[in-house]
Amino acid sequence: MSTASQPWPVTQYKPRHSSWPYTAADFTRQDESTDSSFYSAPRFVTHIDDAAIASLREYYDTVLPTKGRVLDYCSSWISHYPPSIEDAAASGELKVTGLGMNKAELDANKVLSNGRVLVDLNVNPDISSALRVANLIGSEDSEKLDASTNVVSTDYLTRPLEVLKSLREATKTGGTVHLTVSNRCFPTKAISRWLRIDEDERLAMIGDFLHFAGWKDIEIVELSNGEVDKGGKEAAPQGGLSGLMSYFGMSRRDPLWVVRAVKM
């Protein structure tokens, strides 16, 4: 993934462990009730602020294809895709599939031009099988995913290794995955280790998940460190929400990173 035209700091992930370092206890949760019950009521809200959403759309505009197949998993009523992706989906050149847990939310997501799949990944982590059964991908490399996205939901996965292995199986050679991370979550449903560690370790842990699932060229992209740029002599003027927040002395916004990787 070339970063030549991208304005965000990129850090290369370096494998830290020779074998899987996590235990079953790391993936327990305060609320172990079924997720199907927890997510049964639709939530037509956004889980990151407007400035973070704007940054994510800018990022997606530089990395997502406008032809082929894209999967948004742990999807909801909005995928935060930019107009270029929405237009490509509307034209039929890009097939966008949503995989999530709430039918009303998925039905409301208009960018999902290639179908909606209801799956609880903590019960059935096999994304590849779910997409094949729904006839949304094929067995040939050319019939698989070009890219996949996930927004602030990796922290809820109790079987991330299995999920990411199956996602890799569903992805074509050269295809990419983009896992967006912030510090917003439902703490009772987040895995226990997520709540015990800091941001840097969370990003490294997701890198570990991808590494042991067989993904390559893993990178951590910082879209926002959570600070609003206040401008100054050497800073470009800020427009939009960030500029307005800075003007009124509001120095914080949601931090946002993407941990991404490639299927080799």
# chains A, B, ... in the order shown; residues from 1 in each chain; ligands from 1
>>> select_by_dssp(residues="segment 27-189 of chain A", states="helix (DSSP H, G or I)", output="VMD selection string")
chain A and resid 27 35 to 38 50 to 63 83 to 91 103 to 108 127 to 133 141 to 143 154 to 156 160 to 169
>>> closest_atom_pairs(of="segment 79-175 of chain A", to="segment 13-37 of chain A", cutoff="10 Å", atoms="only C-alpha atoms", output="JSON lines")
{"residue": "A:Met101", "atom": "CA", "partner": "A:Ser36", "partner_atom": "CA", "distance": 6.9}
{"residue": "A:Asn102", "atom": "CA", "partner": "A:Ser36", "partner_atom": "CA", "distance": 8.3}
{"residue": "A:Val119", "atom": "CA", "partner": "A:Ser36", "partner_atom": "CA", "distance": 9.2}
{"residue": "A:Asp120", "atom": "CA", "partner": "A:Ser36", "partner_atom": "CA", "distance": 7.0}
{"residue": "A:Leu121", "atom": "CA", "partner": "A:Asp35", "partner_atom": "CA", "distance": 9.4}
{"residue": "A:Asn122", "atom": "CA", "partner": "A:Asp35", "partner_atom": "CA", "distance": 8.0}
{"residue": "A:Val123", "atom": "CA", "partner": "A:Asp35", "partner_atom": "CA", "distance": 9.0}
{"residue": "A:Asp155", "atom": "CA", "partner": "A:Phe27", "partner_atom": "CA", "distance": 9.2}
{"residue": "A:Tyr156", "atom": "CA", "partner": "A:Phe27", "partner_atom": "CA", "distance": 8.8}
{"residue": "A:Leu157", "atom": "CA", "partner": "A:Phe27", "partner_atom": "CA", "distance": 7.9}
{"residue": "A:Thr158", "atom": "CA", "partner": "A:Phe27", "partner_atom": "CA", "distance": 5.1}
{"residue": "A:Arg159", "atom": "CA", "partner": "A:Phe27", "partner_atom": "CA", "distance": 7.7}
{"residue": "A:Pro160", "atom": "CA", "partner": "A:Phe27", "partner_atom": "CA", "distance": 9.2}
{"residue": "A:Leu161", "atom": "CA", "partner": "A:Trp20", "partner_atom": "CA", "distance": 9.6}
>>> write_last_selection(atoms="all heavy atoms", output="short mmCIF file (atom, residue, chain, number, x, y, z; two decimals), in the first residue's frame")
data_model
loop_
_atom_site.label_atom_id
_atom_site.label_comp_id
_atom_site.auth_asym_id
_atom_site.auth_seq_id
_atom_site.Cartn_x
_atom_site.Cartn_y
_atom_site.Cartn_z
N MET A 101 -25.18 -7.54 12.53
CA MET A 101 -26.04 -8.29 13.44
C MET A 101 -27.45 -7.73 13.54
O MET A 101 -28.31 -8.37 14.16
CB MET A 101 -25.42 -8.33 14.84
CG MET A 101 -24.18 -9.18 14.91
SD MET A 101 -23.72 -9.55 16.60
CE MET A 101 -25.16 -10.44 17.17
N ASN A 102 -27.69 -6.54 12.98
CA ASN A 102 -29.02 -5.96 13.12
C ASN A 102 -29.61 -5.68 11.74
O ASN A 102 -29.08 -4.87 10.98
CB ASN A 102 -28.95 -4.67 13.94
CG ASN A 102 -30.33 -4.12 14.24
OD1 ASN A 102 -30.94 -3.48 13.40
ND2 ASN A 102 -30.81 -4.37 15.44
N VAL A 119 -24.81 -12.18 10.68
CA VAL A 119 -23.95 -13.18 11.31
C VAL A 119 -23.43 -12.64 12.64
O VAL A 119 -23.01 -11.48 12.72
CB VAL A 119 -22.74 -13.53 10.41
CG1 VAL A 119 -21.82 -14.51 11.15
CG2 VAL A 119 -23.19 -14.15 9.10
N ASP A 120 -23.46 -13.47 13.67
CA ASP A 120 -22.80 -13.17 14.94
C ASP A 120 -21.41 -13.80 14.87
O ASP A 120 -21.27 -15.02 15.00
CB ASP A 120 -23.60 -13.74 16.10
CG ASP A 120 -22.98 -13.45 17.46
OD1 ASP A 120 -21.82 -12.98 17.50
OD2 ASP A 120 -23.66 -13.71 18.47
N LEU A 121 -20.39 -12.99 14.66
CA LEU A 121 -19.04 -13.52 14.47
C LEU A 121 -18.45 -14.12 15.75
O LEU A 121 -17.46 -14.85 15.67
CB LEU A 121 -18.12 -12.42 13.93
CG LEU A 121 -18.43 -11.95 12.51
CD1 LEU A 121 -17.51 -10.79 12.12
CD2 LEU A 121 -18.30 -13.09 11.50
N ASN A 122 -19.04 -13.82 16.89
CA ASN A 122 -18.57 -14.46 18.11
C ASN A 122 -19.13 -15.87 18.28
O ASN A 122 -18.65 -16.65 19.10
CB ASN A 122 -18.92 -13.60 19.33
CG ASN A 122 -18.07 -12.34 19.39
OD1 ASN A 122 -17.00 -12.29 18.81
ND2 ASN A 122 -18.57 -11.32 20.07
N VAL A 123 -20.15 -16.20 17.48
CA VAL A 123 -20.70 -17.55 17.44
C VAL A 123 -20.17 -18.29 16.22
O VAL A 123 -19.73 -19.44 16.31
CB VAL A 123 -22.24 -17.52 17.42
CG1 VAL A 123 -22.81 -18.93 17.22
CG2 VAL A 123 -22.78 -16.92 18.71
N ASP A 155 -12.59 -4.67 18.92
CA ASP A 155 -12.53 -4.87 20.37
C ASP A 155 -13.69 -5.71 20.90
O ASP A 155 -13.65 -6.13 22.06
CB ASP A 155 -12.49 -3.53 21.09
CG ASP A 155 -13.52 -2.53 20.59
OD1 ASP A 155 -13.76 -2.49 19.38
OD2 ASP A 155 -14.08 -1.76 21.41
N TYR A 156 -14.70 -5.99 20.08
CA TYR A 156 -15.82 -6.81 20.51
C TYR A 156 -15.69 -8.28 20.08
O TYR A 156 -16.52 -9.10 20.47
CB TYR A 156 -17.14 -6.26 19.94
CG TYR A 156 -17.41 -4.83 20.33
CD1 TYR A 156 -17.61 -3.85 19.37
CD2 TYR A 156 -17.47 -4.44 21.67
CE1 TYR A 156 -17.87 -2.54 19.72
CE2 TYR A 156 -17.72 -3.13 22.03
CZ TYR A 156 -17.92 -2.18 21.05
OH TYR A 156 -18.17 -0.87 21.40
N LEU A 157 -14.68 -8.58 19.29
CA LEU A 157 -14.54 -9.93 18.76
C LEU A 157 -13.84 -10.85 19.77
O LEU A 157 -12.70 -10.61 20.15
CB LEU A 157 -13.75 -9.91 17.45
CG LEU A 157 -14.41 -9.16 16.29
CD1 LEU A 157 -13.49 -9.15 15.07
CD2 LEU A 157 -15.76 -9.77 15.94
N THR A 158 -14.52 -11.91 20.16
CA THR A 158 -13.93 -12.86 21.11
C THR A 158 -13.10 -13.93 20.41
O THR A 158 -12.38 -14.67 21.07
CB THR A 158 -15.03 -13.53 21.95
OG1 THR A 158 -15.93 -14.24 21.07
CG2 THR A 158 -15.82 -12.49 22.75
N ARG A 159 -13.23 -14.00 19.07
CA ARG A 159 -12.45 -14.99 18.30
C ARG A 159 -11.80 -14.29 17.10
O ARG A 159 -12.01 -14.67 15.94
CB ARG A 159 -13.38 -16.12 17.85
CG ARG A 159 -14.03 -16.82 19.04
CD ARG A 159 -15.25 -17.64 18.66
NE ARG A 159 -14.91 -18.85 17.94
CZ ARG A 159 -15.81 -19.74 17.54
NH1 ARG A 159 -17.10 -19.55 17.79
NH2 ARG A 159 -15.44 -20.83 16.88
N PRO A 160 -11.00 -13.25 17.36
CA PRO A 160 -10.47 -12.44 16.24
C PRO A 160 -9.55 -13.21 15.31
O PRO A 160 -9.51 -12.91 14.11
CB PRO A 160 -9.73 -11.31 16.96
CG PRO A 160 -9.36 -11.89 18.30
CD PRO A 160 -10.52 -12.76 18.66
N LEU A 161 -8.80 -14.15 15.83
CA LEU A 161 -7.89 -14.92 14.98
C LEU A 161 -8.68 -15.70 13.93
O LEU A 161 -8.34 -15.69 12.74
CB LEU A 161 -7.04 -15.85 15.82
CG LEU A 161 -5.94 -16.61 15.07
CD1 LEU A 161 -4.95 -15.66 14.43
CD2 LEU A 161 -5.22 -17.58 16.01
#
>>> closest_residue(among="A:Asp87, A:Asp141, A:Glu93, A:Glu58", to="Leu223 of chain A", atoms="only C-alpha atoms")
A:Glu58
>>> residues_around(residues="Val221 of chain A", least_positions_apart="3", cutoff="8 Å", atoms="only C-alpha atoms", output="number ranges by chain")
A: 8-11, 257-260
>>> closest_residue(among="A:Leu94, A:Leu99, A:Ile48, A:Val262", to="Arg168 of chain A", atoms="only C-alpha atoms")
A:Val262
